[in-house]
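What follows is structure25.tsv (TSV, C-alpha atoms).
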```tsv
chain	number	residue	atom	x	y	z
C	795	MET	CA	5.65	50.19	-55.73
C	796	GLU	CA	6.47	53.52	-57.35
C	797	LEU	CA	10.11	53.95	-58.28
C	798	ASN	CA	10.39	57.00	-60.54
C	799	ARG	CA	14.15	56.88	-60.84
C	800	PRO	CA	16.81	55.34	-63.07
C	801	VAL	CA	17.82	51.78	-62.25
C	802	SER	CA	20.30	49.19	-63.44
C	803	VAL	CA	18.66	45.92	-64.43
C	804	PHE	CA	20.73	42.72	-64.44
C	805	LEU	CA	19.12	40.51	-67.06
C	806	SER	CA	18.91	36.76	-67.31
C	807	ALA	CA	19.79	35.20	-70.68
C	808	GLN	CA	16.08	35.09	-71.37
C	809	GLY	CA	15.85	38.75	-70.35
C	810	GLN	CA	18.57	39.74	-72.77
C	811	GLU	CA	16.82	37.89	-75.55
C	812	THR	CA	13.43	39.34	-74.63
C	813	LEU	CA	14.71	42.88	-74.52
C	814	GLU	CA	16.41	42.47	-77.85
C	815	LEU	CA	13.05	41.42	-79.20
C	816	ALA	CA	11.06	44.16	-77.46
C	817	VAL	CA	13.40	47.06	-77.91
C	818	GLY	CA	14.93	45.92	-81.17
C	819	VAL	CA	18.49	46.62	-80.13
C	820	SER	CA	21.16	43.99	-79.88
C	821	ARG	CA	22.37	43.83	-76.28
C	822	GLU	CA	26.01	43.20	-75.70
C	823	SER	CA	25.67	43.53	-71.96
C	824	ASP	CA	23.62	41.71	-69.37
C	825	VAL	CA	23.05	45.03	-67.57
C	826	ALA	CA	20.55	47.57	-68.87
C	827	TRP	CA	19.95	51.11	-67.66
C	828	PHE	CA	16.33	52.27	-67.58
C	829	TYR	CA	14.09	54.91	-66.12
C	830	ALA	CA	11.92	52.74	-63.86
C	831	LEU	CA	8.32	53.74	-63.32
C	832	ARG	CA	7.15	51.13	-60.82
C	833	THR	CA	7.07	47.49	-59.91
C	834	ASP	CA	4.10	45.18	-59.55
C	835	GLU	CA	3.54	41.44	-59.25
C	836	SER	CA	4.27	41.02	-62.99
C	837	GLY	CA	7.60	42.78	-63.09
C	838	LEU	CA	9.34	46.09	-63.56
C	839	TRP	CA	7.70	48.82	-65.65
C	840	VAL	CA	10.21	51.03	-67.41
C	841	SER	CA	9.96	54.00	-69.72
C	842	ILE	CA	11.47	53.68	-73.17
C	843	ARG	CA	11.62	56.15	-75.99
C	844	ARG	CA	10.36	55.09	-79.37
C	845	LYS	CA	10.18	57.16	-82.53
C	846	ASP	CA	6.61	58.25	-81.78
C	847	GLY	CA	7.30	59.13	-78.16
C	848	GLU	CA	7.47	57.54	-74.74
C	849	HIS	CA	6.31	53.98	-74.15
C	850	SER	CA	5.95	51.99	-70.98
C	851	LEU	CA	7.54	48.53	-71.15
C	852	LEU	CA	7.03	45.66	-68.72
C	853	ILE	CA	10.10	43.53	-68.03
C	854	ARG	CA	8.81	40.36	-66.41
C	855	TRP	CA	10.47	39.23	-63.20
C	856	ASP	CA	11.65	36.00	-64.81
C	857	CYS	CA	13.79	38.12	-67.13
C	858	ILE	CA	15.47	39.88	-64.22
C	859	LEU	CA	18.25	38.61	-61.97
C	860	ALA	CA	18.74	41.78	-59.93
C	861	VAL	CA	17.87	45.46	-59.89
C	862	ASP	CA	20.14	48.17	-58.52
C	863	VAL	CA	18.15	51.18	-57.32
C	864	PRO	CA	19.99	54.32	-56.20
C	865	ILE	CA	18.20	55.43	-53.07
C	866	GLY	CA	20.59	58.07	-51.80
C	867	GLY	CA	21.09	58.90	-48.16
C	868	THR	CA	23.59	61.56	-49.02
C	869	PRO	CA	21.98	64.99	-49.24
C	870	ILE	CA	21.50	65.95	-52.87
C	871	LEU	CA	20.35	69.45	-52.11
C	872	GLU	CA	20.42	71.52	-49.00
C	873	SER	CA	19.32	74.99	-47.94
C	874	ALA	CA	18.68	77.00	-44.82
C	875	VAL	CA	15.47	78.91	-44.09
K	1221	MET	CA	16.68	75.64	-39.85
K	1222	GLN	CA	18.30	73.11	-42.16
K	1223	ILE	CA	16.32	71.85	-45.15
K	1224	VAL	CA	17.61	68.76	-46.97
K	1225	VAL	CA	16.47	66.53	-49.81
K	1226	THR	CA	18.04	63.08	-50.04
K	1227	GLY	CA	17.74	60.32	-52.61
K	1228	ALA	CA	17.85	59.94	-56.34
K	1229	ARG	CA	14.28	60.37	-57.44
K	1230	SER	CA	13.66	62.12	-60.73
K	1231	ASP	CA	10.44	63.16	-62.41
K	1232	ARG	CA	9.75	61.64	-65.80
K	1233	ASN	CA	9.54	65.14	-67.27
K	1234	ASP	CA	12.98	66.00	-65.95
K	1235	TRP	CA	14.31	62.66	-67.16
K	1236	GLU	CA	12.94	63.36	-70.63
K	1237	ALA	CA	14.25	66.94	-70.63
K	1238	VAL	CA	17.84	65.97	-69.83
K	1239	GLN	CA	17.93	63.47	-72.70
K	1240	ASN	CA	18.05	66.47	-75.06
K	1241	ILE	CA	20.91	68.29	-73.36
K	1242	PRO	CA	23.99	68.42	-75.62
K	1243	ARG	CA	26.71	66.14	-74.37
K	1244	ASP	CA	29.21	68.97	-73.83
K	1245	GLN	CA	26.78	70.65	-71.42
K	1246	LEU	CA	26.49	67.68	-69.08
K	1247	LEU	CA	28.04	68.04	-65.65
K	1248	PRO	CA	31.20	65.99	-65.13
K	1249	LEU	CA	30.97	62.96	-62.86
K	1250	THR	CA	32.83	62.85	-59.56
K	1251	ALA	CA	35.42	60.11	-59.09
K	1252	GLU	CA	32.88	58.14	-57.00
K	1253	GLN	CA	30.17	58.49	-59.63
K	1254	LYS	CA	32.59	57.38	-62.35
K	1255	HIS	CA	33.44	54.35	-60.28
K	1256	VAL	CA	29.76	53.44	-59.83
K	1257	ALA	CA	29.01	53.96	-63.52
K	1258	GLU	CA	31.86	51.60	-64.34
K	1259	GLU	CA	30.76	49.09	-61.72
K	1260	LEU	CA	27.20	49.04	-63.05
K	1261	ARG	CA	28.42	49.13	-66.65
K	1262	ILE	CA	26.44	52.29	-67.38
K	1263	LYS	CA	27.70	54.65	-70.06
K	1264	GLU	CA	29.14	57.75	-68.38
K	1265	GLU	CA	26.91	59.96	-70.49
K	1266	ASP	CA	23.78	58.10	-69.35
K	1267	TYR	CA	24.85	58.39	-65.75
K	1268	GLN	CA	25.55	62.12	-66.18
K	1269	ARG	CA	22.04	62.60	-67.55
K	1270	SER	CA	20.44	60.67	-64.72
K	1271	ILE	CA	22.29	62.75	-62.15
K	1272	MET	CA	21.19	65.96	-63.87
K	1273	ALA	CA	17.58	64.76	-63.91
K	1274	GLY	CA	17.86	63.98	-60.21
K	1275	ARG	CA	19.18	67.46	-59.49
K	1276	ARG	CA	16.39	69.14	-61.44
K	1277	THR	CA	13.77	67.19	-59.55
K	1278	GLY	CA	15.67	67.74	-56.32
K	1279	GLU	CA	15.44	71.50	-56.78
K	1280	LYS	CA	11.65	71.26	-57.07
K	1281	LEU	CA	11.49	69.01	-54.03
K	1282	LEU	CA	13.67	71.43	-52.08
K	1283	LYS	CA	11.15	74.21	-52.81
K	1284	LYS	CA	8.40	71.95	-51.54
K	1285	ALA	CA	10.39	71.17	-48.41
K	1286	GLU	CA	11.06	74.88	-47.81
K	1287	TRP	CA	7.39	75.72	-48.24
K	1288	PHE	CA	6.40	72.97	-45.83
K	1289	ALA	CA	9.07	74.01	-43.31
K	1290	ARG	CA	7.82	77.60	-43.29
K	1291	LEU	CA	4.24	76.49	-42.81
K	1292	LEU	CA	5.28	74.16	-40.02
K	1293	GLN	CA	7.42	76.78	-38.31
K	1294	ARG	CA	4.59	79.32	-38.37
K	1295	ASP	CA	2.15	76.88	-36.88
K	1296	LEU	CA	4.61	75.65	-34.29
K	1297	ALA	CA	5.33	79.22	-33.12
K	1298	VAL	CA	1.67	79.55	-32.15
K	1299	ARG	CA	1.17	76.13	-30.60
K	1300	ALA	CA	4.50	75.66	-28.82
K	1301	PRO	CA	6.45	78.95	-28.55
K	1302	ASP	CA	9.37	77.22	-26.80
K	1303	ALA	CA	9.85	74.76	-29.64
K	1304	ARG	CA	11.62	75.39	-32.91
K	1305	ILE	CA	12.22	73.37	-36.03
K	1306	LYS	CA	15.86	72.39	-36.28
K	1307	SER	CA	15.74	70.42	-39.52
K	1308	VAL	CA	13.40	69.22	-42.25
K	1309	VAL	CA	14.69	66.32	-44.36
K	1310	LEU	CA	12.74	64.94	-47.29
K	1311	ASP	CA	13.80	61.33	-47.81
K	1312	THR	CA	12.68	60.59	-51.36
K	1313	TRP	CA	13.10	56.84	-50.93
K	1314	LYS	CA	11.00	56.57	-47.78
K	1315	GLU	CA	8.69	59.25	-49.20
K	1316	ARG	CA	8.50	61.07	-45.92
K	1317	PHE	CA	9.61	64.24	-44.22
K	1318	GLU	CA	11.80	63.72	-41.16
K	1319	ILE	CA	11.53	66.74	-38.92
K	1320	GLY	CA	13.64	67.59	-35.91
K	1321	ILE	CA	11.85	69.76	-33.34
K	1322	GLU	CA	14.08	71.30	-30.68
K	1323	VAL	CA	12.48	71.73	-27.25
K	1324	ASN	CA	14.49	72.59	-24.14
K	1325	GLY	CA	17.71	71.29	-25.65
K	1326	ASP	CA	16.21	67.99	-26.84
K	1327	VAL	CA	15.51	67.20	-30.47
K	1328	LEU	CA	12.23	65.36	-30.95
K	1329	PRO	CA	11.66	63.45	-34.18
K	1330	LEU	CA	8.48	63.87	-36.19
K	1331	HIS	CA	7.74	62.01	-39.43
K	1332	VAL	CA	5.19	63.20	-41.97
K	1333	ALA	CA	4.34	61.19	-45.09
K	1334	GLU	CA	5.15	63.10	-48.26
K	1335	GLY	CA	1.65	62.35	-49.54
K	1336	ILE	CA	0.13	64.37	-46.71
K	1337	VAL	CA	2.22	67.38	-47.70
K	1338	ASP	CA	1.25	66.89	-51.34
K	1339	ASP	CA	-2.38	66.90	-50.25
K	1340	LEU	CA	-1.75	70.20	-48.52
K	1341	PHE	CA	-0.51	71.60	-51.84
K	1342	ASP	CA	-3.73	70.51	-53.47
K	1343	LEU	CA	-6.03	72.12	-50.94
K	1344	SER	CA	-6.81	75.78	-50.43
K	1345	ALA	CA	-4.36	77.65	-48.18
K	1346	THR	CA	-6.85	77.87	-45.30
K	1347	ARG	CA	-7.79	74.22	-45.50
K	1348	ALA	CA	-4.14	73.23	-45.76
K	1349	GLU	CA	-3.21	75.18	-42.67
K	1350	GLN	CA	-6.12	73.70	-40.75
K	1351	SER	CA	-5.07	70.18	-41.69
K	1352	LEU	CA	-1.47	70.86	-40.84
K	1353	GLY	CA	-2.48	72.48	-37.55
K	1354	GLN	CA	-4.48	69.44	-36.47
K	1355	MET	CA	-1.67	67.09	-37.47
K	1356	LEU	CA	0.91	69.18	-35.62
K	1357	GLU	CA	-1.20	69.47	-32.51
K	1358	GLN	CA	-1.71	65.73	-32.35
K	1359	SER	CA	1.99	65.09	-32.92
K	1360	LEU	CA	3.09	67.61	-30.30
K	1361	HIS	CA	0.65	66.10	-27.84
K	1362	ARG	CA	2.09	62.63	-28.51
K	1363	LEU	CA	5.60	64.01	-28.04
K	1364	GLY	CA	4.52	65.62	-24.77
K	1365	VAL	CA	5.32	69.15	-25.95
K	1366	SER	CA	1.82	70.61	-25.61
```
As C-alpha coordinates:
Amino acid sequence: MELNRPVSVFLSAQGQETLELAVGVSRESDVAWFYALRTDESGLWVSIRRKDGEHSLLIRWDCILAVDVPIGGTPILESAV
Amino acid sequence: MQIVVTGARSDRNDWEAVQNIPRDQLLPLTAEQKHVAEELRIKEEDYQRSIMAGRRTGEKLLKKAEWFARLLQRDLAVRAPDARIKSVVLDTWKERFEIGIEVNGDVLPLHVAEGIVDDLFDLSATRAEQSLGQMLEQSLHRLGVS
(Lines of atoms letter the chains of each structure in order from A and count residues from 1; the text may use other names and numbers.)
(Lines give C-alpha, C1' and ligand atoms only; values in the text may rest on other atoms or scores of the structure.)
Protein backbone atom coordinates (compact mmCIF):
# COMPACT_ATOMS: atom_id res chain seq x y z
CA MET A 1 0.00 0.00 0.00
CA GLU A 2 1.37 3.37 -1.04
CA LEU A 3 1.35 5.99 1.70
CA ASN A 4 3.48 8.92 0.54
CA ARG A 5 2.81 11.06 3.57
CA PRO A 6 4.29 11.72 7.01
CA VAL A 7 3.23 9.35 9.76
CA SER A 8 3.75 8.90 13.48
CA VAL A 9 5.11 5.49 14.39
CA PHE A 10 4.59 4.14 17.92
CA LEU A 11 7.52 1.83 18.53
CA SER A 12 7.80 -1.25 20.68
CA ALA A 13 10.84 -1.47 22.99
CA GLN A 14 12.44 -3.62 20.34
CA GLY A 15 11.53 -0.99 17.75
CA GLN A 16 13.19 1.76 19.74
CA GLU A 17 16.31 -0.32 20.08
CA THR A 18 16.28 -1.28 16.40
CA LEU A 19 15.86 2.27 15.23
CA GLU A 20 18.65 3.44 17.46
CA LEU A 21 20.80 0.85 15.78
CA ALA A 22 19.64 1.61 12.24
CA VAL A 23 19.49 5.36 12.40
CA GLY A 24 22.24 5.83 14.92
CA VAL A 25 20.34 8.30 17.04
CA SER A 26 19.42 7.73 20.63
CA ARG A 27 15.62 7.76 20.93
CA GLU A 28 14.14 9.30 24.00
CA SER A 29 10.61 8.80 22.77
CA ASP A 30 8.62 5.76 21.76
CA VAL A 31 7.03 7.81 18.95
CA ALA A 32 8.93 8.57 15.76
CA TRP A 33 7.93 10.87 12.91
CA PHE A 34 8.76 9.67 9.41
CA TYR A 35 7.93 10.25 5.79
CA ALA A 36 6.28 6.91 4.96
CA LEU A 37 6.68 5.53 1.47
CA ARG A 38 4.55 2.39 1.63
CA THR A 39 3.68 -0.71 3.57
CA ASP A 40 4.07 -4.33 2.60
CA GLU A 41 3.92 -7.68 4.36
CA SER A 42 7.35 -7.03 5.94
CA GLY A 43 6.60 -3.67 7.47
CA LEU A 44 6.63 0.05 6.91
CA TRP A 45 9.07 1.59 4.43
CA VAL A 46 10.15 5.09 5.40
CA SER A 47 12.45 7.65 3.88
CA ILE A 48 15.41 8.80 5.95
CA ARG A 49 18.10 11.28 5.15
CA ARG A 50 21.69 10.21 5.51
CA LYS A 51 24.80 12.23 4.76
CA ASP A 52 24.98 10.90 1.21
CA GLY A 53 21.31 11.47 0.46
CA GLU A 54 17.96 9.78 0.85
CA HIS A 55 17.67 6.18 1.99
CA SER A 56 14.68 3.90 2.26
CA LEU A 57 14.44 2.09 5.60
CA LEU A 58 12.21 -0.86 6.44
CA ILE A 59 10.75 -0.88 9.96
CA ARG A 60 9.50 -4.40 10.54
CA TRP A 61 5.97 -4.81 11.85
CA ASP A 62 7.23 -6.47 15.04
CA CYS A 63 8.93 -3.18 15.88
CA ILE A 64 5.69 -1.23 15.53
CA LEU A 65 2.81 -0.96 17.97
CA ALA A 66 0.72 1.55 16.03
CA VAL A 67 0.92 3.98 13.13
CA ASP A 68 -0.98 7.26 12.97
CA VAL A 69 -1.63 8.32 9.38
CA PRO A 70 -3.16 11.73 8.68
CA ILE A 71 -5.74 11.10 5.98
CA GLY A 72 -7.56 14.41 5.99
CA GLY A 73 -11.20 14.82 5.12
CA THR A 74 -10.99 18.52 5.62
CA PRO A 75 -10.37 20.36 2.36
CA ILE A 76 -6.73 21.39 2.16
CA LEU A 77 -7.17 23.40 -1.00
CA GLU A 78 -10.19 24.63 -2.83
CA SER A 79 -10.92 26.59 -5.98
CA ALA A 80 -13.77 27.35 -8.33
CA VAL A 81 -13.66 26.89 -12.10
CA MET B 1 -18.07 24.35 -10.06
CA GLN B 2 -16.26 23.62 -6.82
CA ILE B 3 -12.87 21.91 -6.98
CA VAL B 4 -11.45 20.47 -3.74
CA VAL B 5 -8.41 18.46 -2.70
CA THR B 6 -8.60 16.65 0.64
CA GLY B 7 -6.05 14.67 2.59
CA ALA B 8 -2.47 14.99 3.67
CA ARG B 9 -0.50 13.41 0.88
CA SER B 10 2.84 14.94 0.02
CA ASP B 11 5.29 14.15 -2.76
CA ARG B 12 8.74 13.03 -1.68
CA ASN B 13 10.23 15.93 -3.65
CA ASP B 14 8.08 18.43 -1.78
CA TRP B 15 8.90 16.72 1.50
CA GLU B 16 12.61 17.00 0.73
CA ALA B 17 12.29 20.62 -0.41
CA VAL B 18 10.60 21.83 2.78
CA GLN B 19 13.34 20.31 4.94
CA ASN B 20 15.61 23.13 3.70
CA ILE B 21 13.25 26.00 4.47
CA PRO B 22 14.65 28.24 7.23
CA ARG B 23 12.75 27.81 10.45
CA ASP B 24 11.60 31.45 10.56
CA GLN B 25 9.89 31.02 7.18
CA LEU B 26 7.69 28.12 8.27
CA LEU B 27 3.98 28.80 8.55
CA PRO B 28 2.66 28.92 12.12
CA LEU B 29 0.52 26.03 13.30
CA THR B 30 -3.14 26.53 14.13
CA ALA B 31 -4.26 25.79 17.68
CA GLU B 32 -5.64 22.42 16.49
CA GLN B 33 -2.41 21.52 14.71
CA LYS B 34 -0.40 22.45 17.81
CA HIS B 35 -2.63 20.21 19.86
CA VAL B 36 -2.13 17.27 17.49
CA ALA B 37 1.63 17.81 17.35
CA GLU B 38 1.69 17.71 21.13
CA GLU B 39 -0.57 14.67 21.27
CA LEU B 40 1.62 12.76 18.82
CA ARG B 41 4.79 14.08 20.44
CA ILE B 42 6.01 15.55 17.16
CA LYS B 43 8.29 18.58 17.25
CA GLU B 44 6.31 21.63 16.15
CA GLU B 45 8.92 22.42 13.53
CA ASP B 46 8.61 18.94 12.01
CA TYR B 47 4.86 19.25 11.92
CA GLN B 48 5.10 22.69 10.30
CA ARG B 49 7.32 21.24 7.58
CA SER B 50 4.98 18.34 6.93
CA ILE B 51 2.04 20.70 6.58
CA MET B 52 3.99 22.87 4.15
CA ALA B 53 4.94 19.81 2.10
CA GLY B 54 1.28 18.80 2.02
CA ARG B 55 0.27 22.24 0.80
CA ARG B 56 2.86 22.24 -1.96
CA THR B 57 1.70 18.87 -3.20
CA GLY B 58 -1.91 19.93 -2.72
CA GLU B 59 -1.39 22.88 -5.07
CA LYS B 60 -0.16 20.52 -7.79
CA LEU B 61 -3.06 18.17 -7.18
CA LEU B 62 -5.50 21.08 -7.35
CA LYS B 63 -4.15 21.94 -10.82
CA LYS B 64 -4.68 18.34 -11.84
CA ALA B 65 -8.22 18.41 -10.48
CA GLU B 66 -8.95 21.67 -12.31
CA TRP B 67 -7.61 20.26 -15.57
CA PHE B 68 -9.70 17.13 -15.16
CA ALA B 69 -12.80 19.13 -14.25
CA ARG B 70 -12.50 21.27 -17.38
CA LEU B 71 -12.06 18.22 -19.57
CA LEU B 72 -15.03 16.55 -17.94
CA GLN B 73 -17.22 19.63 -18.21
CA ARG B 74 -16.44 20.02 -21.91
CA ASP B 75 -17.27 16.42 -22.63
CA LEU B 76 -20.40 16.48 -20.51
CA ALA B 77 -21.70 19.58 -22.35
CA VAL B 78 -21.71 17.56 -25.57
CA ARG B 79 -23.09 14.31 -24.21
CA ALA B 80 -25.66 15.61 -21.72
CA PRO B 81 -26.41 19.33 -22.25
CA ASP B 82 -28.84 19.39 -19.31
CA ALA B 83 -26.22 18.13 -16.88
CA ARG B 84 -23.51 20.16 -15.23
CA ILE B 85 -20.65 19.37 -12.92
CA LYS B 86 -21.33 20.74 -9.46
CA SER B 87 -18.17 19.59 -7.70
CA VAL B 88 -14.95 17.68 -8.23
CA VAL B 89 -13.24 16.43 -5.06
CA LEU B 90 -9.91 14.64 -5.14
CA ASP B 91 -9.69 12.45 -2.04
CA THR B 92 -5.97 11.74 -1.73
CA TRP B 93 -6.51 8.93 0.77
CA LYS B 94 -9.02 7.01 -1.34
CA GLU B 95 -7.06 8.01 -4.44
CA ARG B 96 -10.18 8.86 -6.36
CA PHE B 97 -12.10 11.79 -7.76
CA GLU B 98 -15.61 12.19 -6.38
CA ILE B 99 -17.70 14.11 -8.87
CA GLY B 100 -21.15 15.57 -8.36
CA ILE B 101 -23.17 15.87 -11.57
CA GLU B 102 -26.30 18.00 -11.33
CA VAL B 103 -29.21 16.89 -13.52
CA ASN B 104 -32.73 18.28 -13.12
CA GLY B 105 -32.09 19.35 -9.54
CA ASP B 106 -30.57 16.02 -8.47
CA VAL B 107 -26.88 15.53 -7.79
CA LEU B 108 -25.59 12.22 -9.11
CA PRO B 109 -22.33 10.84 -7.75
CA LEU B 110 -19.58 9.63 -10.04
CA HIS B 111 -16.26 8.20 -8.83
CA VAL B 112 -13.15 8.04 -10.99
CA ALA B 113 -9.92 6.41 -9.81
CA GLU B 114 -7.06 8.89 -9.69
CA GLY B 115 -4.93 6.44 -11.67
CA ILE B 116 -7.28 6.74 -14.64
CA VAL B 117 -6.85 10.51 -14.64
CA ASP B 118 -3.08 10.09 -14.35
CA ASP B 119 -3.21 7.83 -17.38
CA LEU B 120 -5.03 10.57 -19.23
CA PHE B 121 -2.14 12.91 -18.45
CA ASP B 122 0.26 10.40 -19.94
CA LEU B 123 -1.61 9.96 -23.20
CA SER B 124 -1.89 12.36 -26.11
CA ALA B 125 -4.68 14.94 -25.81
CA THR B 126 -6.83 13.23 -28.45
CA ARG B 127 -6.41 9.79 -26.94
CA ALA B 128 -7.09 11.17 -23.47
CA GLU B 129 -10.31 12.81 -24.55
CA GLN B 130 -11.44 9.64 -26.31
CA SER B 131 -10.80 7.58 -23.18
CA LEU B 132 -12.54 10.11 -20.98
CA GLY B 133 -15.46 10.31 -23.40
CA GLN B 134 -16.00 6.56 -23.34
CA MET B 135 -15.76 6.47 -19.56
CA LEU B 136 -18.19 9.36 -19.20
CA GLU B 137 -20.67 7.90 -21.64
CA GLN B 138 -20.70 4.58 -19.81
CA SER B 139 -21.09 6.32 -16.46
CA LEU B 140 -23.89 8.58 -17.66
CA HIS B 141 -25.66 5.58 -19.13
CA ARG B 142 -25.39 3.76 -15.79
CA LEU B 143 -26.73 6.83 -14.01
CA GLY B 144 -29.61 7.00 -16.49
CA VAL B 145 -28.67 10.46 -17.75
CA SER B 146 -28.10 9.53 -21.40
Which chain K residues have any atom within 8 Å of an atom of chain C, and for each, what is the nearest pair of atoms with distance in Å to one decimal, counting only C-alpha atoms, rows sorted by chain and number, as CSV?
```
residue,atom,partner,partner_atom,distance
K:Met1221,CA,C:Val875,CA,5.5
K:Gln1222,CA,C:Ala874,CA,4.7
K:Ile1223,CA,C:Ser873,CA,5.2
K:Val1224,CA,C:Glu872,CA,4.4
K:Val1225,CA,C:Leu871,CA,5.4
K:Thr1226,CA,C:Pro869,CA,4.5
K:Gly1227,CA,C:Gly866,CA,3.7
K:Ala1228,CA,C:Ile865,CA,5.6
K:Arg1229,CA,C:Arg799,CA,4.9
K:Ser1230,CA,C:Arg799,CA,5.3
K:Asp1231,CA,C:Asn798,CA,6.4
K:Arg1232,CA,C:Asn798,CA,7.0
K:Trp1235,CA,C:Tyr829,CA,7.8
K:Leu1260,CA,C:Ser802,CA,6.9
K:Arg1261,CA,C:Val825,CA,6.8
K:Ile1262,CA,C:Trp827,CA,6.6
K:Ser1270,CA,C:Pro800,CA,6.7
K:Arg1275,CA,C:Ile870,CA,7.2
K:Gly1278,CA,C:Leu871,CA,6.5
K:Glu1279,CA,C:Leu871,CA,7.1
K:Leu1282,CA,C:Leu871,CA,7.0
K:Glu1286,CA,C:Val875,CA,7.0
K:Arg1290,CA,C:Val875,CA,7.8
K:Asp1311,CA,C:Gly867,CA,7.7
K:Thr1312,CA,C:Ile865,CA,7.7
K:Trp1313,CA,C:Ile865,CA,5.7
```
**Asked** Mind pulling up the distance from atom CA of K:Pro1301 to atom CA of K:Trp1287?
**Response**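 Atom CA of K:Trp1287 sits 20.0 Å away from atom CA of K:Pro1301.
Residues with any atom within 8 Å of stretch 1347-1356 of chain K, counting all atoms listed in the file and excluding same-chain neighbours fewer than 6 positions away, are Leu1291, Leu1292, Asp1295, Leu1296, Asp1339, Leu1340 and Phe1341 of chain K.
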request  = One decimal, Å: what's the distance from atom CA of K:His1331 over to atom CA of K:Glu1318, could you say?
outcome  =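 Atom CA of K:His1331 sits 4.7 Å away from atom CA of K:Glu1318.
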Practice task
May I ask for the distance between atom CA of K:Ile1305 and atom CA of K:Asp1342, given in Å to one decimal place?
Solution key: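 These two atoms are separated by 23.8 Å.
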Residue with the minimum atom-to-atom distance to C:Thr812, picked from C:Ala860, C:Val840, C:Leu852, C:Met795 with only C-alpha atoms counted, is C:Leu852
